[in-house]
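K.L.:
Structure file model_20.pdb, PDB, C-alpha atoms, is pasted below:
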ATOM      1  CA  MET N   1       1.302 -38.168 -54.590  1.00  0.00           C
ATOM      2  CA  LYS N   2       2.610 -34.731 -53.564  1.00  0.00           C
ATOM      3  CA  ARG N   3      -0.773 -33.208 -54.406  1.00  0.00           C
ATOM      4  CA  SER N   4      -2.474 -35.686 -52.044  1.00  0.00           C
ATOM      5  CA  ILE N   5      -0.055 -34.841 -49.241  1.00  0.00           C
ATOM      6  CA  TYR N   6      -0.715 -31.131 -49.701  1.00  0.00           C
ATOM      7  CA  LEU N   7      -4.451 -31.771 -49.632  1.00  0.00           C
ATOM      8  CA  VAL N   8      -4.211 -33.743 -46.385  1.00  0.00           C
ATOM      9  CA  LEU N   9      -2.044 -31.085 -44.744  1.00  0.00           C
ATOM     10  CA  SER N  10      -4.458 -28.360 -45.833  1.00  0.00           C
ATOM     11  CA  LEU N  11      -7.392 -30.228 -44.329  1.00  0.00           C
ATOM     12  CA  LEU N  12      -5.524 -30.753 -41.047  1.00  0.00           C
ATOM     13  CA  PHE N  13      -4.627 -27.039 -40.940  1.00  0.00           C
ATOM     14  CA  LEU N  14      -8.228 -25.997 -41.511  1.00  0.00           C
ATOM     15  CA  GLN N  15      -9.448 -28.419 -38.845  1.00  0.00           C
ATOM     16  CA  GLY N  16      -6.912 -26.982 -36.403  1.00  0.00           C
ATOM     17  CA  CYS N  17      -8.048 -23.442 -37.107  1.00  0.00           C
ATOM     18  CA  GLY N  18     -11.656 -24.508 -36.663  1.00  0.00           C
ATOM     19  CA  ALA N  19     -10.855 -26.092 -33.305  1.00  0.00           C
ATOM     20  CA  GLN N  20      -9.037 -22.968 -32.104  1.00  0.00           C
ATOM     21  CA  SER N  21     -12.004 -20.739 -32.941  1.00  0.00           C
ATOM     22  CA  LYS N  22     -14.294 -22.489 -30.442  1.00  0.00           C
ATOM     23  CA  SER N  23     -14.949 -20.610 -27.182  1.00  0.00           C
ATOM     24  CA  LEU N  24     -14.630 -22.264 -23.781  1.00  0.00           C
ATOM     25  CA  LEU N  25     -16.165 -21.623 -20.371  1.00  0.00           C
ATOM     26  CA  LEU N  26     -14.235 -23.196 -17.512  1.00  0.00           C
ATOM     27  CA  ASP N  27     -15.063 -23.519 -13.824  1.00  0.00           C
ATOM     28  CA  ALA N  28     -11.984 -22.775 -11.745  1.00  0.00           C
ATOM     29  CA  GLU N  29     -10.885 -21.602  -8.326  1.00  0.00           C
ATOM     30  CA  GLN N  30      -7.729 -20.020  -6.951  1.00  0.00           C
ATOM     31  CA  GLU N  31      -6.987 -18.716  -3.490  1.00  0.00           C
ATOM     32  CA  THR N  32      -5.144 -15.368  -3.586  1.00  0.00           C
ATOM     33  CA  VAL N  33      -3.143 -13.683  -0.845  1.00  0.00           C
ATOM     34  CA  THR N  34      -2.259  -9.984  -0.878  1.00  0.00           C
ATOM     35  CA  LYS N  35       0.325  -8.635   1.547  1.00  0.00           C
ATOM     36  CA  GLU N  36       0.902  -4.981   2.397  1.00  0.00           C
ATOM     37  CA  LYS N  37       3.562  -3.531   4.670  1.00  0.00           C
ATOM     38  CA  LEU N  38       2.227  -0.450   6.454  1.00  0.00           C
ATOM     39  CA  SER N  39       4.382   1.819   8.565  1.00  0.00           C
ATOM     40  CA  TYR N  40       2.455   4.033  10.963  1.00  0.00           C
ATOM     41  CA  TYR N  41       2.466   6.514  13.811  1.00  0.00           C
ATOM     42  CA  LEU N  42       0.369   5.818  16.883  1.00  0.00           C
ATOM     43  CA  TYR N  43      -0.344   8.668  19.275  1.00  0.00           C
ATOM     44  CA  TYR N  44      -1.457   8.075  22.875  1.00  0.00           C
ATOM     45  CA  PRO N  45      -3.288  10.862  24.726  1.00  0.00           C
ATOM     46  CA  GLU N  46      -2.477  12.107  28.185  1.00  0.00           C
ATOM     47  CA  GLY N  47      -4.002   9.888  30.831  1.00  0.00           C
ATOM     48  CA  TYR N  48      -3.794   6.694  28.815  1.00  0.00           C
ATOM     49  CA  GLU N  49      -1.066   5.147  30.985  1.00  0.00           C
ATOM     50  CA  SER N  50      -2.330   6.555  34.272  1.00  0.00           C
ATOM     51  CA  ASN N  51      -5.862   5.216  33.759  1.00  0.00           C
ATOM     52  CA  PRO N  52      -5.367   1.511  33.001  1.00  0.00           C
ATOM     53  CA  SER N  53      -9.074   0.690  33.271  1.00  0.00           C
ATOM     54  CA  GLU N  54     -10.307   3.435  30.925  1.00  0.00           C
ATOM     55  CA  LYS N  55     -11.003   2.958  27.224  1.00  0.00           C
ATOM     56  CA  PHE N  56     -10.243   5.799  24.830  1.00  0.00           C
ATOM     57  CA  PRO N  57     -11.570   6.897  21.431  1.00  0.00           C
ATOM     58  CA  LEU N  58      -9.348   6.493  18.358  1.00  0.00           C
ATOM     59  CA  LEU N  59      -9.013   8.628  15.225  1.00  0.00           C
ATOM     60  CA  LEU N  60      -7.803   6.975  12.008  1.00  0.00           C
ATOM     61  CA  PHE N  61      -6.062   9.548   9.798  1.00  0.00           C
ATOM     62  CA  LEU N  62      -5.326   8.868   6.114  1.00  0.00           C
ATOM     63  CA  HIS N  63      -2.845  11.230   4.461  1.00  0.00           C
ATOM     64  CA  GLY N  64      -2.747  12.572   0.907  1.00  0.00           C
ATOM     65  CA  GLY N  65      -0.715  11.461  -2.098  1.00  0.00           C
ATOM     66  CA  GLY N  66       2.213  13.736  -1.289  1.00  0.00           C
ATOM     67  CA  GLU N  67       3.015  11.806   1.881  1.00  0.00           C
ATOM     68  CA  SER N  68       3.008   8.368   0.238  1.00  0.00           C
ATOM     69  CA  GLY N  69       6.233   6.377   0.012  1.00  0.00           C
ATOM     70  CA  ASP N  70       8.780   4.910   2.378  1.00  0.00           C
ATOM     71  CA  SER N  71       9.680   7.887   4.593  1.00  0.00           C
ATOM     72  CA  LEU N  72       7.427   7.987   7.626  1.00  0.00           C
ATOM     73  CA  GLN N  73       8.718  11.453   8.468  1.00  0.00           C
ATOM     74  CA  THR N  74       6.673  12.933   5.620  1.00  0.00           C
ATOM     75  CA  LEU N  75       3.483  12.226   7.569  1.00  0.00           C
ATOM     76  CA  LYS N  76       4.416  15.090   9.869  1.00  0.00           C
ATOM     77  CA  LYS N  77       3.854  17.607   7.049  1.00  0.00           C
ATOM     78  CA  ASN N  78       0.074  17.781   7.308  1.00  0.00           C
ATOM     79  CA  GLY N  79      -2.969  16.960   9.382  1.00  0.00           C
ATOM     80  CA  PRO N  80      -3.012  15.708  12.982  1.00  0.00           C
ATOM     81  CA  PRO N  81       0.592  14.361  12.872  1.00  0.00           C
ATOM     82  CA  LYS N  82       1.825  17.877  12.031  1.00  0.00           C
ATOM     83  CA  LEU N  83      -0.212  19.359  14.871  1.00  0.00           C
ATOM     84  CA  ILE N  84       1.156  16.792  17.329  1.00  0.00           C
ATOM     85  CA  VAL N  85       4.720  17.767  16.400  1.00  0.00           C
ATOM     86  CA  GLU N  86       3.765  21.410  16.964  1.00  0.00           C
ATOM     87  CA  GLY N  87       2.582  20.578  20.473  1.00  0.00           C
ATOM     88  CA  LYS N  88      -1.163  20.074  20.132  1.00  0.00           C
ATOM     89  CA  ARG N  89      -2.685  17.493  22.446  1.00  0.00           C
ATOM     90  CA  PHE N  90      -5.630  15.338  21.485  1.00  0.00           C
ATOM     91  CA  PRO N  91      -8.077  13.487  23.771  1.00  0.00           C
ATOM     92  CA  PHE N  92      -7.950  10.274  21.733  1.00  0.00           C
ATOM     93  CA  LEU N  93      -5.490   7.848  20.186  1.00  0.00           C
ATOM     94  CA  ILE N  94      -4.498   8.696  16.621  1.00  0.00           C
ATOM     95  CA  LEU N  95      -3.486   6.011  14.127  1.00  0.00           C
ATOM     96  CA  ALA N  96      -1.710   7.447  11.082  1.00  0.00           C
ATOM     97  CA  PRO N  97      -0.559   4.756   8.624  1.00  0.00           C
ATOM     98  CA  GLN N  98       1.473   5.480   5.505  1.00  0.00           C
ATOM     99  CA  ASN N  99       0.514   4.394   2.005  1.00  0.00           C
ATOM    100  CA  PRO N 100       3.770   2.818   0.717  1.00  0.00           C
ATOM    101  CA  HIS N 101       2.847   3.367  -2.939  1.00  0.00           C
ATOM    102  CA  LYS N 102       3.444   6.833  -4.350  1.00  0.00           C
ATOM    103  CA  ARG N 103       1.168   6.317  -7.350  1.00  0.00           C
ATOM    104  CA  LYS N 104      -1.397   3.844  -6.081  1.00  0.00           C
ATOM    105  CA  TRP N 105      -4.616   4.236  -4.151  1.00  0.00           C
ATOM    106  CA  TRP N 106      -4.811   3.191  -0.535  1.00  0.00           C
ATOM    107  CA  ASN N 107      -5.259  -0.525   0.126  1.00  0.00           C
ATOM    108  CA  VAL N 108      -8.229  -0.057   2.455  1.00  0.00           C
ATOM    109  CA  ARG N 109      -8.412  -3.745   3.284  1.00  0.00           C
ATOM    110  CA  ALA N 110      -4.858  -3.589   4.641  1.00  0.00           C
ATOM    111  CA  VAL N 111      -5.667  -0.387   6.538  1.00  0.00           C
ATOM    112  CA  ASN N 112      -8.685  -2.053   8.107  1.00  0.00           C
ATOM    113  CA  GLN N 113      -6.579  -5.018   9.210  1.00  0.00           C
ATOM    114  CA  LEU N 114      -4.072  -2.657  10.805  1.00  0.00           C
ATOM    115  CA  LEU N 115      -6.865  -0.764  12.533  1.00  0.00           C
ATOM    116  CA  ASP N 116      -8.343  -3.978  13.915  1.00  0.00           C
ATOM    117  CA  SER N 117      -4.930  -4.987  15.254  1.00  0.00           C
ATOM    118  CA  ILE N 118      -4.409  -1.621  16.979  1.00  0.00           C
ATOM    119  CA  VAL N 119      -7.881  -1.715  18.493  1.00  0.00           C
ATOM    120  CA  PHE N 120      -7.354  -5.288  19.735  1.00  0.00           C
ATOM    121  CA  ASN N 121      -4.001  -4.538  21.359  1.00  0.00           C
ATOM    122  CA  ASN N 122      -4.949  -1.242  22.990  1.00  0.00           C
ATOM    123  CA  ARG N 123      -7.704   0.078  25.220  1.00  0.00           C
ATOM    124  CA  VAL N 124      -9.884   1.493  22.474  1.00  0.00           C
ATOM    125  CA  ASP N 125     -13.588   2.227  22.800  1.00  0.00           C
ATOM    126  CA  LYS N 126     -15.001   0.427  19.755  1.00  0.00           C
ATOM    127  CA  ASN N 127     -18.064   2.673  19.776  1.00  0.00           C
ATOM    128  CA  ARG N 128     -15.889   5.772  19.375  1.00  0.00           C
ATOM    129  CA  ILE N 129     -13.643   5.061  16.386  1.00  0.00           C
ATOM    130  CA  TYR N 130     -13.410   8.100  14.104  1.00  0.00           C
ATOM    131  CA  LEU N 131     -12.222   8.402  10.510  1.00  0.00           C
ATOM    132  CA  THR N 132     -10.658  11.267   8.569  1.00  0.00           C
ATOM    133  CA  GLY N 133      -8.549  11.771   5.456  1.00  0.00           C
ATOM    134  CA  LEU N 134      -7.346  14.471   3.091  1.00  0.00           C
ATOM    135  CA  SER N 135      -7.145  14.448  -0.711  1.00  0.00           C
ATOM    136  CA  ARG N 136      -6.279  10.879  -1.783  1.00  0.00           C
ATOM    137  CA  GLY N 137      -6.749   9.869   1.837  1.00  0.00           C
ATOM    138  CA  GLY N 138     -10.140  11.576   1.753  1.00  0.00           C
ATOM    139  CA  GLY N 139     -11.135   9.337  -1.118  1.00  0.00           C
ATOM    140  CA  ALA N 140      -9.919   6.348   0.897  1.00  0.00           C
ATOM    141  CA  ALA N 141     -11.988   7.522   3.864  1.00  0.00           C
ATOM    142  CA  TRP N 142     -15.119   7.528   1.701  1.00  0.00           C
ATOM    143  CA  GLU N 143     -14.214   4.030   0.503  1.00  0.00           C
ATOM    144  CA  MET N 144     -13.691   2.739   4.037  1.00  0.00           C
ATOM    145  CA  ALA N 145     -17.055   4.143   5.073  1.00  0.00           C
ATOM    146  CA  VAL N 146     -18.594   2.140   2.222  1.00  0.00           C
ATOM    147  CA  GLN N 147     -16.633  -1.068   2.755  1.00  0.00           C
ATOM    148  CA  TYR N 148     -16.962  -1.107   6.555  1.00  0.00           C
ATOM    149  CA  PRO N 149     -20.330   0.451   7.449  1.00  0.00           C
ATOM    150  CA  GLY N 150     -21.113   0.388  11.125  1.00  0.00           C
ATOM    151  CA  LYS N 151     -17.461   0.616  12.149  1.00  0.00           C
ATOM    152  CA  PHE N 152     -16.992   4.354  12.559  1.00  0.00           C
ATOM    153  CA  ALA N 153     -18.794   6.746  14.870  1.00  0.00           C
ATOM    154  CA  ALA N 154     -18.074   9.775  12.660  1.00  0.00           C
ATOM    155  CA  MET N 155     -16.110  10.765   9.569  1.00  0.00           C
ATOM    156  CA  ALA N 156     -14.494  13.990   8.335  1.00  0.00           C
ATOM    157  CA  VAL N 157     -13.343  14.227   4.704  1.00  0.00           C
ATOM    158  CA  VAL N 158     -11.088  17.033   3.457  1.00  0.00           C
ATOM    159  CA  CYS N 159     -10.980  17.714  -0.321  1.00  0.00           C
ATOM    160  CA  GLY N 160     -11.643  14.083  -1.160  1.00  0.00           C
ATOM    161  CA  MET N 161     -13.465  12.504  -4.080  1.00  0.00           C
ATOM    162  CA  THR N 162     -15.748   9.503  -4.467  1.00  0.00           C
ATOM    163  CA  PRO N 163     -18.384   8.100  -6.822  1.00  0.00           C
ATOM    164  CA  VAL N 164     -21.766   9.583  -5.885  1.00  0.00           C
ATOM    165  CA  PRO N 165     -23.534   6.158  -6.020  1.00  0.00           C
ATOM    166  CA  TYR N 166     -21.498   5.242  -2.916  1.00  0.00           C
ATOM    167  CA  ALA N 167     -23.874   7.469  -0.941  1.00  0.00           C
ATOM    168  CA  SER N 168     -26.518   4.776  -0.517  1.00  0.00           C
ATOM    169  CA  TRP N 169     -23.967   2.343   0.928  1.00  0.00           C
ATOM    170  CA  ILE N 170     -22.811   4.550   3.794  1.00  0.00           C
ATOM    171  CA  ASP N 171     -24.230   3.965   7.265  1.00  0.00           C
ATOM    172  CA  ARG N 172     -27.039   6.470   7.865  1.00  0.00           C
ATOM    173  CA  LYS N 173     -26.212   6.592  11.585  1.00  0.00           C
ATOM    174  CA  MET N 174     -22.728   8.011  10.990  1.00  0.00           C
ATOM    175  CA  PRO N 175     -22.391  11.834  11.078  1.00  0.00           C
ATOM    176  CA  ILE N 176     -20.196  13.277   8.313  1.00  0.00           C
ATOM    177  CA  TRP N 177     -18.322  16.575   8.021  1.00  0.00           C
ATOM    178  CA  VAL N 178     -16.887  17.579   4.634  1.00  0.00           C
ATOM    179  CA  PHE N 179     -14.339  20.361   3.983  1.00  0.00           C
ATOM    180  CA  HIS N 180     -13.260  21.745   0.587  1.00  0.00           C
ATOM    181  CA  GLY N 181     -11.593  24.820  -0.907  1.00  0.00           C
ATOM    182  CA  GLU N 182     -13.653  26.596  -3.565  1.00  0.00           C
ATOM    183  CA  GLU N 183     -10.579  27.206  -5.750  1.00  0.00           C
ATOM    184  CA  ASP N 184      -9.280  23.626  -5.638  1.00  0.00           C
ATOM    185  CA  LYS N 185      -7.771  22.797  -9.049  1.00  0.00           C
ATOM    186  CA  SER N 186      -6.627  19.277  -8.172  1.00  0.00           C
ATOM    187  CA  ILE N 187      -9.938  17.948  -6.890  1.00  0.00           C
ATOM    188  CA  PRO N 188     -12.750  20.386  -7.797  1.00  0.00           C
ATOM    189  CA  ILE N 189     -15.169  21.338  -5.048  1.00  0.00           C
ATOM    190  CA  SER N 190     -17.938  19.835  -7.193  1.00  0.00           C
ATOM    191  CA  GLU N 191     -16.678  16.412  -6.070  1.00  0.00           C
ATOM    192  CA  SER N 192     -17.729  17.265  -2.514  1.00  0.00           C
ATOM    193  CA  GLU N 193     -20.783  19.283  -3.520  1.00  0.00           C
ATOM    194  CA  ASP N 194     -22.324  16.429  -5.486  1.00  0.00           C
ATOM    195  CA  MET N 195     -21.760  13.903  -2.707  1.00  0.00           C
ATOM    196  CA  VAL N 196     -22.976  16.220   0.066  1.00  0.00           C
ATOM    197  CA  ASN N 197     -26.100  17.181  -1.870  1.00  0.00           C
ATOM    198  CA  THR N 198     -26.919  13.539  -2.513  1.00  0.00           C
ATOM    199  CA  LEU N 199     -26.391  12.553   1.122  1.00  0.00           C
ATOM    200  CA  GLN N 200     -28.487  15.447   2.400  1.00  0.00           C
ATOM    201  CA  LYS N 201     -31.358  14.572   0.063  1.00  0.00           C
ATOM    202  CA  MET N 202     -31.230  11.043   1.448  1.00  0.00           C
ATOM    203  CA  GLY N 203     -31.492  12.314   5.014  1.00  0.00           C
ATOM    204  CA  TYR N 204     -27.902  11.845   6.192  1.00  0.00           C
ATOM    205  CA  ASP N 205     -26.399  13.997   8.957  1.00  0.00           C
ATOM    206  CA  VAL N 206     -23.868  15.970   6.897  1.00  0.00           C
ATOM    207  CA  ARG N 207     -22.035  19.233   7.520  1.00  0.00           C
ATOM    208  CA  PHE N 208     -20.250  21.046   4.699  1.00  0.00           C
ATOM    209  CA  THR N 209     -17.573  23.701   5.174  1.00  0.00           C
ATOM    210  CA  ARG N 210     -16.472  25.635   2.093  1.00  0.00           C
ATOM    211  CA  TYR N 211     -13.367  27.820   2.026  1.00  0.00           C
ATOM    212  CA  PRO N 212     -13.662  30.767  -0.420  1.00  0.00           C
ATOM    213  CA  GLY N 213     -10.396  31.592  -2.205  1.00  0.00           C
ATOM    214  CA  VAL N 214      -8.692  28.415  -0.938  1.00  0.00           C
ATOM    215  CA  GLY N 215      -7.114  25.832  -3.246  1.00  0.00           C
ATOM    216  CA  HIS N 216      -6.226  22.199  -2.698  1.00  0.00           C
ATOM    217  CA  ASN N 217      -4.558  22.747   0.676  1.00  0.00           C
ATOM    218  CA  SER N 218      -7.851  23.245   2.505  1.00  0.00           C
ATOM    219  CA  TRP N 219      -6.569  20.743   5.062  1.00  0.00           C
ATOM    220  CA  ILE N 220      -4.621  23.546   6.748  1.00  0.00           C
ATOM    221  CA  GLN N 221      -7.797  25.284   7.879  1.00  0.00           C
ATOM    222  CA  ALA N 222      -9.777  22.088   8.331  1.00  0.00           C
ATOM    223  CA  TYR N 223      -7.397  20.400  10.749  1.00  0.00           C
ATOM    224  CA  ASN N 224      -6.785  23.636  12.634  1.00  0.00           C
ATOM    225  CA  THR N 225     -10.498  23.794  13.420  1.00  0.00           C
ATOM    226  CA  ASP N 226     -10.739  22.933  17.118  1.00  0.00           C
ATOM    227  CA  GLU N 227     -14.489  22.460  16.745  1.00  0.00           C
ATOM    228  CA  LEU N 228     -13.774  19.452  14.543  1.00  0.00           C
ATOM    229  CA  TYR N 229     -12.203  17.521  17.416  1.00  0.00           C
ATOM    230  CA  ASP N 230     -14.932  18.573  19.847  1.00  0.00           C
ATOM    231  CA  TRP N 231     -17.438  17.328  17.276  1.00  0.00           C
ATOM    232  CA  PHE N 232     -15.661  13.979  17.019  1.00  0.00           C
ATOM    233  CA  MET N 233     -15.730  13.559  20.794  1.00  0.00           C
ATOM    234  CA  GLU N 234     -19.484  14.124  20.831  1.00  0.00           C
ATOM    235  CA  GLN N 235     -20.093  11.153  18.525  1.00  0.00           C
ATOM    236  CA  GLU N 236     -20.650   7.627  19.777  1.00  0.00           C
ATOM    237  CA  ARG N 237     -22.156   4.614  18.104  1.00  0.00           C
ATOM    238  CA  GLU N 238     -25.035   2.786  19.723  1.00  0.00           C
ATOM    239  CA  ASN N 239     -24.612  -0.924  20.353  1.00  0.00           C
TER
END
Is it possible to express this structure as structure tokens?

P.N.:
Amino acid sequence: MKRSIYLVLSLLFLQGCGAQSKSLLLDAEQETVTKEKLSYYLYYPEGYESNPSEKFPLLLFLHGGGESGDSLQTLKKNGPPKLIVEGKRFPFLILAPQNPHKRKWWNVRAVNQLLDSIVFNNRVDKNRIYLTGLSRGGGAAWEMAVQYPGKFAAMAVVCGMTPVPYASWIDRKMPIWVFHGEEDKSIPISESEDMVNTLQKMGYDVRFTRYPGVGHNSWIQAYNTDELYDWFMEQEREN
């Protein structure tokens, strides 16, 4: 009797194991919602309030990893926000959001939503929206150019990095200016060289500025280049 019980239990166990080994393919669906809280600076140029019928260009600036976190004041350390604090005046609005995650990449979808909101609620010329970023923000700038082609009139990337295959997804009508220090140990200049070479071979309008003897902080020279802002102002998308 006991032997029969053991035999039955063994058969049931083996059948259970056999059932568990079968693979399944299910059809399913789930709606997901991702929320991101972005703090930001928004700079208005001279003449914005006194010319209520005029539309102005806008520059979206994406900072590097060192300015990520929950202290908006850190954005004033580098790039256009630093220059504004020092007294420089720009001819366009500047939107400078902060990545709240110290060790995560930019959420470019959230940045794009913020940009759309700023453009909607202000007198922004949609054909003159410019994009720039440094280091981790430079990588995010490349990504935004890929994800939202046709949105930006021009882009400047400082010591950023991106997969070279992204080149074919970028809008051919958008002029690009790339800056990089030749002695960069954090993001090697080869990251920019490979992308620039690929874009140029494909016929893109690309400028490349190399800084001999300069490391990762090539953004100091890049954003102090007045010609950069004149170049931005010359760019306008066609409807």

K.L.:
Select, from N:Ile176, N:Ala140, N:Ile187, N:Leu83, the residue with the minimum atom-to-atom distance to Ala110 (chain N), counting only C-alpha atoms.

P.N.:
N:Ala140

K.L.:
Enter the distance from CA of Pro188 (chain N) to CA of Gly133 (chain N), in Å, rounded to one decimal.

P.N.:
16.4 Å

K.L.:
Which value, in Å to one decimal, gives the distance between CA of Gly64 (chain N) and CA of Leu42 (chain N)?

P.N.:
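Atom-to-atom, CA of Gly64 (chain N) to CA of Leu42 (chain N), that is 17.6 Å.
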
K.L.:
Quick one: of N:Gly137, N:Gly215, N:Gly69, N:Pro97, who's nearest to Pro81 (chain N), counting all atoms listed in the file?

P.N.:
N:Pro97

K.L.:
On this structure, the PyMOL selection byres ((chain N and resi 41) around 9) would catch which residues? List them as a ChimeraX atom specification, sorted by chain and number.

P.N.:
/N:39-40,42-43,72,75,81,94-98

K.L.:
One number please: CA of Gly181 (chain N) to CA of Ile84 (chain N), in Å, one decimal.

P.N.:
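Computed distance, CA of Gly181 (chain N) to CA of Ile84 (chain N), equals 23.7 Å.
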
K.L.:
Evaluate the PyMOL selection byres ((chain N and resi 166) around 12) here and jot the selected residues down as a list in words.

P.N.:
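That expression, the PyMOL selection byres ((chain N and resi 166) around 12), corresponds here to Gly139, Ala141, Trp142, Glu143, Met144, Ala145, Val146, Gln147, Pro149, Met161, Thr162, Pro163, Val164, Pro165, Ala167, Ser168, Trp169, Ile170, Asp171, Asp194, Met195, Val196, Thr198 and Leu199 of chain N.
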
K.L.:
Can you find the residues with an atom no farther than 7 Å from (-16.4, 10.4, 11.6), counting all atoms listed in the file, and report them as a list in words?

P.N.:
Tyr130, Leu131, Thr132, Phe152, Ala153, Ala154, Met155, Ala156, Met174, Pro175, Ile176 and Phe232 of chain N

K.L.:
Nearest to Val158 (chain N): which of N:Lys82, N:Arg123, N:His216, N:Lys88 is it, counting only C-alpha atoms?

P.N.:
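Nearest candidate to Val158 (chain N) out of N:Lys82, N:Arg123, N:His216, N:Lys88: N:His216.
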
K.L.:
Using only C-alpha atoms, which protein or nucleic acid residues come within 9 Å of Gly66 (chain N)? Drop anything in the same chain fewer than 6 positions from it, and give the result as a VMD selection string.

P.N.:
chain N and resid 74 102 136

K.L.:
For the residues selected in the previous step, produce a file with C-alpha atoms as a PDB file, keeping the file's coordinate frame.

P.N.:
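Below is the file again-v7.pdb, written as the result:
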ATOM      1  CA  THR N  74       6.673  12.933   5.620  1.00  0.00           C
ATOM      2  CA  LYS N 102       3.444   6.833  -4.350  1.00  0.00           C
ATOM      3  CA  ARG N 136      -6.279  10.879  -1.783  1.00  0.00           C
TER       4      ARG N 136
END
